[in-house]
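For reference, final.cif (mmCIF, C-alpha atoms):
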```cif
data_start
loop_
_atom_site.label_atom_id
_atom_site.label_comp_id
_atom_site.auth_asym_id
_atom_site.auth_seq_id
_atom_site.Cartn_x
_atom_site.Cartn_y
_atom_site.Cartn_z
CA MET A 1 178.87 -57.37 2.72
CA LYS A 2 177.94 -53.81 2.01
CA LYS A 3 178.54 -51.44 4.88
CA LEU A 4 179.71 -54.34 7.00
CA LEU A 5 182.61 -52.49 8.53
CA LYS A 6 180.99 -49.14 8.45
CA LYS A 7 181.03 -47.17 11.66
CA LEU A 8 182.41 -50.07 13.61
CA PRO A 9 185.96 -49.00 14.41
CA GLY A 10 187.45 -51.18 17.03
CA PHE A 11 184.49 -53.48 17.02
CA ILE A 12 185.17 -57.15 16.67
CA HIS A 13 182.79 -58.93 14.39
CA SER A 14 182.72 -61.96 12.18
CA ILE A 15 181.44 -62.32 8.69
CA THR A 16 178.84 -65.02 8.52
CA TYR A 17 180.36 -67.04 5.69
CA LYS A 18 183.33 -69.33 6.07
CA GLU A 19 184.68 -71.37 3.19
CA PRO A 20 186.25 -74.72 4.02
CA GLY A 21 189.98 -74.25 4.39
CA SER A 22 189.70 -70.48 4.43
CA MET A 23 192.20 -68.33 6.30
CA THR A 24 191.31 -65.98 9.10
CA CYS A 25 192.44 -62.40 9.02
CA VAL A 26 192.18 -59.12 10.89
CA ILE A 27 192.27 -55.62 9.41
CA VAL A 28 194.07 -52.89 11.34
CA GLU A 29 193.41 -49.71 9.39
CA ASP A 30 192.33 -46.24 10.47
CA LEU A 31 190.86 -45.17 7.13
CA GLN A 32 187.28 -46.42 6.93
CA VAL A 33 187.06 -46.49 3.15
CA ALA A 34 190.27 -48.53 2.95
CA ALA A 35 189.03 -51.00 5.58
CA ASP A 36 185.72 -51.39 3.73
CA TYR A 37 187.51 -51.98 0.46
CA LEU A 38 189.84 -54.54 2.03
CA ALA A 39 186.93 -56.40 3.60
CA ARG A 40 185.23 -56.51 0.23
CA CYS A 41 188.38 -57.89 -1.40
CA CYS A 42 188.54 -60.57 1.31
CA GLU A 43 184.94 -61.54 0.70
CA LYS A 44 185.41 -61.59 -3.05
CA SER A 45 188.41 -63.92 -2.74
CA GLY A 46 186.30 -66.53 -0.95
CA GLU A 47 189.43 -67.52 0.93
CA LEU A 48 189.53 -65.10 3.83
CA GLU A 49 187.34 -64.77 6.88
CA VAL A 50 187.62 -61.31 8.42
CA LYS A 51 187.54 -61.73 12.19
CA GLY A 52 187.70 -58.06 13.02
CA HIS A 53 188.59 -54.50 12.15
CA PHE A 54 190.49 -52.13 14.41
CA THR A 55 191.42 -48.54 13.79
CA ASN A 56 194.44 -48.42 16.06
CA VAL A 57 197.11 -50.58 17.64
CA GLN A 58 195.91 -50.12 21.21
CA GLU A 59 192.59 -51.81 20.45
CA ALA A 60 193.99 -54.43 18.11
CA LEU A 61 196.80 -55.75 20.29
CA PRO A 62 194.79 -57.31 23.16
CA TYR A 63 192.54 -59.07 20.66
CA LEU A 64 195.40 -60.32 18.51
CA ASN A 65 197.22 -61.69 21.54
CA GLN A 66 194.18 -63.72 22.52
CA VAL A 67 193.36 -65.33 19.20
CA THR A 68 195.41 -66.90 16.47
CA ILE A 69 194.86 -65.61 12.98
CA ASP A 70 196.51 -66.52 9.71
CA LEU A 71 196.87 -63.10 8.14
CA LEU A 72 197.04 -59.51 9.29
CA PHE A 73 196.30 -56.55 7.02
CA LEU A 74 198.18 -53.77 8.71
CA ASP A 75 198.34 -50.04 8.08
CA VAL A 76 201.55 -48.39 9.19
CA GLU A 77 200.72 -44.83 10.18
CA MET A 78 197.79 -44.72 12.57
CA PRO A 79 196.88 -42.57 15.55
CA GLY A 80 199.07 -43.56 18.49
CA ALA A 81 201.40 -46.46 17.81
CA SER A 82 202.46 -47.54 14.34
CA GLY A 83 201.81 -50.86 12.67
CA PHE A 84 205.44 -51.84 13.21
CA GLU A 85 205.06 -51.25 16.95
CA LEU A 86 202.14 -53.66 16.90
CA LEU A 87 204.32 -56.30 15.25
CA ASP A 88 206.95 -55.75 17.94
CA GLN A 89 204.42 -56.59 20.62
CA LEU A 90 202.63 -59.55 19.08
CA ALA A 91 203.11 -62.87 20.87
CA TYR A 92 203.15 -64.76 17.57
CA HIS A 93 203.73 -63.98 13.92
CA PRO A 94 200.88 -64.30 11.47
CA LYS A 95 201.51 -63.51 7.84
CA VAL A 96 201.39 -59.76 7.36
CA ILE A 97 200.37 -57.64 4.39
CA LEU A 98 201.14 -53.98 4.92
CA THR A 99 198.60 -51.54 3.55
CA THR A 100 199.98 -48.06 3.32
CA SER A 101 200.19 -45.17 0.93
CA LYS A 102 203.91 -44.71 1.46
CA THR A 103 206.50 -46.71 -0.39
CA GLU A 104 209.17 -45.51 2.04
CA TYR A 105 208.24 -48.32 4.36
CA ALA A 106 209.49 -50.97 1.96
CA TYR A 107 212.76 -51.36 3.87
CA ASN A 108 210.97 -51.78 7.22
CA ALA A 109 208.62 -54.22 5.54
CA PHE A 110 211.60 -56.29 4.54
CA GLU A 111 213.05 -56.10 8.04
CA TYR A 112 209.79 -57.30 9.57
CA LYS A 113 209.53 -60.08 6.99
CA VAL A 114 206.09 -59.00 5.86
CA THR A 115 204.71 -61.06 3.00
CA ASP A 116 203.64 -58.18 0.80
CA PHE A 117 203.09 -54.47 0.65
CA LEU A 118 199.89 -52.99 -0.82
CA LYS A 119 200.05 -49.33 -1.74
CA LYS A 120 196.64 -47.71 -1.28
CA PRO A 121 194.55 -47.61 -3.32
CA PHE A 122 195.16 -50.97 -4.94
CA THR A 123 193.16 -53.04 -7.40
CA TYR A 124 191.56 -56.38 -6.63
CA GLN A 125 194.05 -57.98 -8.99
CA ARG A 126 196.92 -56.61 -6.92
CA PHE A 127 195.18 -57.86 -3.78
CA GLN A 128 194.97 -61.34 -5.30
CA GLU A 129 198.68 -61.30 -6.09
CA ALA A 130 199.40 -60.50 -2.46
CA LEU A 131 197.12 -63.31 -1.35
CA GLN A 132 198.92 -65.75 -3.61
CA LYS A 133 202.20 -64.74 -1.97
CA VAL A 134 200.70 -65.46 1.43
CA LYS A 135 199.57 -68.89 0.32
CA ALA A 136 202.93 -69.65 -1.23
CA ALA A 137 204.97 -68.43 1.74
CA GLN A 138 206.57 -70.98 4.02
CA PRO A 139 204.99 -71.23 7.47
CA GLU A 140 206.53 -68.95 10.06
CA ILE A 141 207.82 -70.20 13.39
CA THR A 142 204.55 -70.00 15.22
CA GLU A 143 201.79 -72.11 16.60
CA GLY A 144 202.05 -75.69 15.52
CA ASN A 145 205.50 -75.43 13.99
CA THR A 146 207.85 -78.07 15.15
CA GLU A 147 211.48 -78.55 15.87
CA ASP A 148 212.63 -82.17 16.13
CA ASP A 149 211.17 -83.03 19.48
CA HIS A 150 208.60 -80.43 20.45
CA ILE A 151 205.75 -78.25 19.35
CA PHE A 152 204.62 -74.78 20.43
CA ILE A 153 200.92 -74.15 20.84
CA LYS A 154 199.15 -70.90 21.60
CA THR A 155 196.73 -71.29 24.46
CA ASP A 156 195.40 -68.95 27.14
CA GLY A 157 197.19 -66.02 25.51
CA LYS A 158 200.67 -67.56 25.66
CA LEU A 159 202.86 -69.94 23.71
CA VAL A 160 203.32 -73.26 25.46
CA ARG A 161 206.01 -75.75 24.58
CA LEU A 162 204.90 -79.38 24.49
CA GLN A 163 207.40 -82.18 24.03
CA ASN A 164 206.24 -84.62 21.37
CA ASN A 165 206.76 -87.46 23.82
CA ASP A 166 204.38 -85.86 26.30
CA ILE A 167 201.46 -85.65 23.88
CA LEU A 168 199.17 -88.67 24.00
CA TYR A 169 196.79 -87.68 21.24
CA ILE A 170 195.19 -84.68 19.55
CA GLU A 171 191.45 -84.32 19.12
CA SER A 172 189.59 -82.05 16.68
CA MET A 173 186.89 -79.72 18.01
CA GLY A 174 185.84 -77.87 14.85
CA ASP A 175 187.96 -74.73 14.63
CA TYR A 176 189.85 -75.80 17.74
CA VAL A 177 192.03 -78.76 18.62
CA LYS A 178 192.69 -80.33 21.98
CA PHE A 179 196.14 -81.61 22.91
CA ILE A 180 195.99 -84.31 25.56
CA THR A 181 199.03 -85.06 27.69
CA ALA A 182 199.21 -87.31 30.75
CA GLU A 183 198.88 -84.28 33.03
CA LYS A 184 196.82 -81.74 31.20
CA LYS A 185 194.59 -80.84 28.27
CA TYR A 186 195.33 -77.79 26.09
CA ILE A 187 192.83 -76.24 23.71
CA THR A 188 194.08 -74.06 20.88
CA HIS A 189 192.55 -72.35 17.86
CA ASN A 190 193.64 -74.44 14.90
CA THR A 191 192.38 -77.06 12.52
CA MET A 192 193.44 -80.67 12.05
CA LYS A 193 194.28 -79.96 8.44
CA LYS A 194 196.75 -77.22 9.32
CA LEU A 195 198.14 -79.22 12.20
CA GLU A 196 198.77 -82.27 10.03
CA GLU A 197 201.10 -80.23 7.85
CA LYS A 198 203.15 -79.09 10.81
CA ILE A 199 203.48 -81.91 13.30
CA SER A 200 206.23 -84.50 13.24
CA LYS A 201 205.27 -87.38 10.96
CA ASP A 202 207.68 -89.62 12.87
CA HIS A 203 205.74 -89.23 16.10
CA PHE A 204 202.15 -88.74 15.06
CA LEU A 205 199.62 -90.53 12.93
CA LYS A 206 196.13 -89.56 11.87
CA VAL A 207 193.76 -92.43 12.67
CA HIS A 208 190.43 -90.69 12.20
CA ARG A 209 189.31 -87.34 10.84
CA SER A 210 189.05 -86.13 14.43
CA TYR A 211 192.08 -87.85 15.97
CA ILE A 212 195.84 -87.76 15.59
CA VAL A 213 197.70 -90.05 17.97
CA ASN A 214 201.24 -90.37 19.22
CA ILE A 215 202.33 -93.72 17.75
CA ASN A 216 204.56 -94.46 20.74
CA LYS A 217 201.64 -94.13 23.15
CA ILE A 218 199.34 -96.72 21.60
CA ALA A 219 198.83 -99.50 24.16
CA ASP A 220 196.70 -101.85 22.09
CA ILE A 221 194.35 -102.08 19.13
CA ARG A 222 191.09 -103.97 19.03
CA GLU A 223 189.31 -104.03 15.69
CA ASN A 224 188.49 -100.42 14.91
CA MET A 225 189.58 -98.94 18.23
CA LEU A 226 192.95 -98.15 19.69
CA PHE A 227 193.70 -97.45 23.33
CA ILE A 228 195.97 -94.87 24.88
CA LYS A 229 196.08 -94.71 28.67
CA GLY A 230 192.69 -96.39 28.78
CA VAL A 231 191.05 -93.96 26.38
CA GLU A 232 189.25 -95.46 23.36
CA ILE A 233 190.06 -93.78 20.08
CA PRO A 234 188.28 -94.79 16.87
CA ILE A 235 190.20 -95.82 13.78
CA SER A 236 188.34 -94.96 10.61
CA LYS A 237 188.19 -97.34 7.66
CA ALA A 238 190.02 -94.77 5.55
CA HIS A 239 192.97 -94.71 7.93
CA LYS A 240 193.15 -98.30 9.14
CA ALA A 241 195.56 -99.57 6.47
CA GLU A 242 197.98 -96.73 7.17
CA VAL A 243 197.75 -97.39 10.92
CA LEU A 244 198.60 -101.05 10.51
CA LYS A 245 201.40 -100.20 8.12
CA ARG A 246 203.03 -97.85 10.62
CA LEU A 247 202.87 -100.26 13.55
CA ASN A 248 205.79 -102.54 14.26
CA ILE A 249 203.88 -105.79 13.87
CA VAL A 250 205.88 -109.02 14.10
CA MET B 1 168.33 -50.72 -11.95
CA ASN B 2 167.26 -52.93 -14.85
CA GLU B 3 169.63 -55.26 -16.74
CA GLU B 4 169.99 -52.99 -19.74
CA LEU B 5 171.06 -50.08 -17.58
CA SER B 6 173.36 -52.26 -15.49
CA ASN B 7 175.53 -52.75 -18.57
CA GLN B 8 175.87 -49.01 -19.09
CA GLU B 9 179.00 -47.18 -18.06
CA PHE B 10 178.59 -44.30 -15.70
CA ASN B 11 180.29 -41.17 -16.98
CA PHE B 12 182.34 -39.80 -14.12
CA SER B 13 182.87 -36.06 -13.95
CA PRO B 14 186.19 -35.01 -15.53
CA ILE B 15 187.90 -34.28 -12.21
CA PHE B 16 187.81 -38.01 -11.40
CA ASP B 17 190.14 -40.46 -13.14
CA SER B 18 187.49 -42.61 -14.79
CA ALA B 19 189.93 -45.18 -16.21
CA PHE B 20 191.26 -45.76 -12.72
CA LEU B 21 187.76 -46.03 -11.23
CA TYR B 22 186.64 -48.53 -13.88
CA GLU B 23 189.71 -50.60 -13.15
CA MET B 24 189.19 -50.46 -9.38
CA TYR B 25 185.49 -51.12 -9.18
CA GLU B 26 184.61 -52.45 -12.65
CA ASN B 27 180.98 -51.58 -13.26
CA ASP B 28 179.72 -51.97 -9.73
CA TYR B 29 178.32 -48.46 -9.38
CA GLN B 30 176.37 -49.29 -6.25
CA TYR B 31 179.69 -50.01 -4.63
CA VAL B 32 181.29 -46.91 -6.16
CA GLU B 33 178.48 -44.87 -4.61
CA GLU B 34 179.21 -46.52 -1.30
CA ILE B 35 182.94 -45.75 -1.59
CA PHE B 36 182.21 -42.13 -2.43
CA SER B 37 179.72 -41.87 0.44
CA THR B 38 182.14 -43.36 2.97
CA THR B 39 184.86 -40.99 1.78
CA ASN B 40 182.47 -38.07 2.03
CA GLU B 41 181.42 -39.02 5.55
CA GLY B 42 185.01 -39.17 6.76
CA PHE B 43 186.13 -36.09 4.88
CA GLN B 44 185.08 -33.35 7.27
CA ALA B 45 186.84 -34.78 10.32
CA ASP B 46 190.07 -35.32 8.40
CA PHE B 47 189.82 -31.88 6.81
CA GLU B 48 189.32 -30.24 10.21
CA ALA B 49 192.34 -32.12 11.55
CA ILE B 50 194.45 -30.63 8.75
CA LYS B 51 193.19 -27.12 9.41
CA LYS B 52 193.68 -27.44 13.16
CA ALA B 53 197.27 -28.64 12.78
CA PHE B 54 197.98 -25.75 10.43
CA ASP B 55 196.45 -23.23 12.82
CA GLN B 56 198.64 -24.61 15.58
CA GLN B 57 201.65 -24.46 13.27
CA ASP B 58 202.34 -28.10 14.11
CA LEU B 59 204.21 -29.51 11.11
CA ALA B 60 204.41 -33.09 12.40
CA THR B 61 200.67 -33.30 13.07
CA LEU B 62 199.89 -31.55 9.80
CA LYS B 63 201.96 -34.13 7.96
CA LYS B 64 200.07 -36.97 9.67
CA ALA B 65 196.68 -35.41 8.95
CA VAL B 66 197.48 -34.99 5.25
CA HIS B 67 198.84 -38.52 5.19
CA LYS B 68 195.44 -39.83 6.27
CA MET B 69 193.58 -37.75 3.71
CA LYS B 70 195.86 -38.87 0.88
CA PRO B 71 194.63 -42.44 0.22
CA ALA B 72 191.01 -41.37 0.73
CA MET B 73 191.42 -39.14 -2.33
CA GLY B 74 192.95 -42.06 -4.19
CA PHE B 75 189.99 -44.33 -3.54
CA VAL B 76 187.66 -41.89 -5.31
CA GLY B 77 189.96 -41.47 -8.28
CA LEU B 78 191.34 -38.03 -7.42
CA LEU B 79 194.83 -39.17 -8.23
CA ALA B 80 196.32 -35.74 -8.91
CA LEU B 81 195.10 -34.54 -5.54
CA GLN B 82 196.46 -37.68 -3.92
CA GLU B 83 199.86 -36.86 -5.41
CA GLN B 84 199.53 -33.26 -4.24
CA CYS B 85 198.92 -34.58 -0.71
CA GLN B 86 201.97 -36.80 -1.05
CA ASN B 87 204.16 -33.88 -2.12
CA PHE B 88 202.85 -31.69 0.66
CA GLU B 89 203.46 -34.43 3.20
CA GLN B 90 207.07 -34.70 2.07
CA GLU B 91 207.38 -30.95 2.22
CA CYS B 92 206.19 -30.94 5.85
CA ALA B 93 208.90 -33.46 6.66
CA ALA B 94 211.62 -31.62 4.81
CA LYS B 95 211.00 -27.97 5.74
CA GLN B 96 212.38 -26.50 8.93
CA GLU B 97 210.29 -23.34 9.00
CA PHE B 98 206.51 -23.35 9.15
CA LYS B 99 206.28 -20.33 6.85
CA GLU B 100 207.88 -22.36 4.05
CA ILE B 101 204.80 -24.52 3.60
CA ILE B 102 202.13 -21.80 3.80
CA ILE B 103 201.66 -21.17 0.07
CA ASN B 104 201.39 -24.85 -0.79
CA TYR B 105 199.09 -25.41 2.17
CA HIS B 106 196.60 -22.92 0.80
CA THR B 107 196.84 -24.49 -2.66
CA LEU B 108 196.14 -27.88 -1.10
CA LEU B 109 193.25 -26.48 0.89
CA VAL B 110 191.62 -25.19 -2.31
CA GLY B 111 192.09 -28.59 -3.92
CA LEU B 112 190.54 -30.40 -0.98
CA THR B 113 187.61 -28.00 -0.74
CA THR B 114 186.87 -28.50 -4.43
CA ALA B 115 187.22 -32.26 -3.99
CA ASN B 116 184.69 -32.23 -1.17
CA GLU B 117 182.14 -30.45 -3.35
CA LYS B 118 182.78 -32.67 -6.36
CA ILE B 119 182.55 -35.86 -4.31
CA ALA B 120 179.17 -34.74 -2.93
CA GLU B 121 177.93 -33.92 -6.45
CA GLU B 122 179.16 -37.25 -7.76
CA ILE B 123 177.30 -39.12 -5.02
CA THR B 124 174.09 -37.44 -6.19
CA ARG B 125 174.83 -38.34 -9.81
CA LEU B 126 175.72 -41.93 -8.90
CA HIS B 127 172.62 -42.25 -6.78
CA SER B 128 170.43 -41.11 -9.66
CA PHE B 129 172.19 -43.49 -12.05
CA ASN B 130 171.86 -46.41 -9.66
CA ASN B 131 168.18 -45.77 -9.13
CA LEU B 132 167.14 -45.35 -12.73
#
```

This entry written out as structure tokens:
Amino acid sequence: MKKLLKKLPGFIHSITYKEPGSMTCVIVEDLQVAADYLARCCEKSGELEVKGHFTNVQEALPYLNQVTIDLLFLDVEMPGASGFELLDQLAYHPKVILTTSKTEYAYNAFEYKVTDFLKKPFTYQRFQEALQKVKAAQPEITEGNTEDDHIFIKTDGKLVRLQNNDILYIESMGDYVKFITAEKKYITHNTMKKLEEKISKDHFLKVHRSYIVNINKIADIRENMLFIKGVEIPISKAHKAEVLKRLNIV
Amino acid sequence: MNEELSNQEFNFSPIFDSAFLYEMYENDYQYVEEIFSTTNEGFQADFEAIKKAFDQQDLATLKKAVHKMKPAMGFVGLLALQEQCQNFEQECAAKQEFKEIIINYHTLLVGLTTANEKIAEEITRLHSFNNL
């Protein structure tokens, strides 16, 4: 990925590789050499897809409020607003690793619940330690997290609350998922794998690699198909036993 | 570069902390050359920002400009200079009078000017090494 980020401040770009199950991240850093080094660390890890690099908060914020990313590498002191001001204005809370050359920000880092703090320059080993902390951290209250009876999803640049009882089923669309309710369809950037970890197991059941259904909405089942509001949803062989087990069959 | 040469260690000039650079970049000297080149390309603008802030006797802006230069020096293994930047930055925050930072500013300026020259020389050396 040599020179990938070079001379592209503020330019949104994607790296061409994407490992299965990898996390997405954005770099907000005004020092080019630091941004290049970070991007290289991300590539080397094989676990991070860099979605973009911005050199200031003003350019980063509109992008970050339109997409959902897993991890934000954030410098603190940049021209204009600081990294902390960006966090104040974000509509959701990805994991954050601060990249700065000042240790004085440690207290603020704690206040903002950032996952780790990389003092520039840092070694790849130190980068890996930070990444492990991100992976080990509990999910934040953000897209897909649930309370007892509802879920918040990020769609069209805002967080929308959906009651579990209103969701009929959820369909995978690659890097996106579609939530279908009786009234509306919502598309959000997420994967089925991540969603499975977050949704209520009492309400929802995976019936196919591309479908999660609300158990209470199933009208009937015929062989390898189930029906919700007249829509046919396939049940895969791998999931059929679990489906039958969860149904209240008398 | 052939395989035999790829296993050779590049001997960094004494001003650079070679142990740190080996730890940071292992033996990927193509990448080290890239890091040095990127630092060199950004140097002049950051250096001018420092000088401009000093000329305008603007301590807050001077502090910010030195803050940006500081990690750039770290990435090329100029750790003593990075620390010097750090100390100067703190001095800008602590001092009330502009005249109190003048002597250390000029010391820093000499350090940065030397660094700029040494970085450029090291790029040439690295380039030759990488193209043997």

Using all atoms listed in the file, find each residue of chain A with at least one atom at most 7 Å away from an atom of chain B; report its shortest atom-to-atom pair and that distance in Å (one decimal), sort the rows by chain and rising residue number, and return the result as a Markdown table.
```
| residue | atom | partner | partner_atom | distance |
| --- | --- | --- | --- | --- |
| A:Val33 | CA | B:Thr38 | CA | 5.8 |
| A:Ser101 | CA | B:Pro71 | CA | 6.2 |
| A:Lys120 | CA | B:Pro71 | CA | 5.8 |
| A:Pro121 | CA | B:Phe75 | CA | 5.6 |
| A:Thr123 | CA | B:Met24 | CA | 5.1 |
| A:Tyr124 | CA | B:Met24 | CA | 6.9 |
```

Open item on the list: As a check of understanding, name the residues that the PyMOL selection byres ((chain A and resi 164) around 12) selects in the supplied structure, as a count of residues only.
Closed with: 33

TODO: One decimal, Å: what's the distance from atom CA of Ala130 of chain A over to atom CA of Thr155 of chain A, could you say?
DONE: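 Answer for the atom CA of Ala130 of chain A to atom CA of Thr155 of chain A separation: 29.1 Å.
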
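When only C-alpha atoms are used to measure the gap to Glu59 of chain A, the shortest distance among A:Ile235, A:Lys245, A:Ala219, A:Ala81 belongs to A:Ala81.
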
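Going from atom CA of Arg125 of chain B over to atom CA of Ala19 of chain B, you cover 17.8 Å.
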
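From atom CA of Asp75 of chain A back to atom CA of Glu91 of chain B, the distance works out to 21.9 Å.
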
TODO: Specify as a PyMOL selection string each residue included when the PyMOL selection byres ((chain A and resi 49) around 7) is applied to this file.
DONE: chain A and resi 15+18+22-25+47-48+50-51

Task: Spatial sel., origin (192.2, -52.4, 7.6), limit 10 Å, all atoms listed in the file, listed as a ChimeraX atom specification - done: /A:5,9,26-39,52-56,72-75,98-100

Task: Given the PyMOL selection byres ((chain A and resi 107-117) around 6), the residues it picks as a PyMOL selection string - done: chain A and resi 96-98+105-106+118+130

Open item on the list: Could you list, as a ChimeraX atom specification, every residue within 12 Å of Thr107 of chain B, counting only C-alpha atoms and ignoring same-chain residues fewer than 3 positions away?
Closed with: /B:81,84-85,87-88,101-104,110-114

Task: Residue neighbourhood Cys92 of chain B, 9 Å, all atoms listed in the file, exclusion window fewer than 3 positions, as a list in words - done: Leu59, Ala60, Leu62, Lys63, Asn87, Phe88, Glu89, Lys95, Gln96, Phe98, Glu100 and Ile101 of chain B

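The shortest atom-to-atom distance to Lys102 of chain A, with only C-alpha atoms taken into account, belongs to A:Glu77 out of A:Asp156, A:Glu77, A:Asp88, A:Ser82.
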
Open item on the list: For a quick check of understanding, using all atoms listed in the file, which of B:Asp17, B:Tyr22, B:Glu33, B:Leu108 has the smallest distance to Thr124 of chain B?
Closed with: B:Glu33

Task: For Asn27 of chain B, the nearest of the candidates B:Glu9, B:Asp55, B:Pro14, B:Glu122, counting all atoms listed in the file - done: B:Glu9

TODO: Could you check which of B:Thr61, B:Ser128, B:Ser13, B:Asn116 is closest to Ala93 of chain B, using all atoms listed in the file?
DONE: B:Thr61
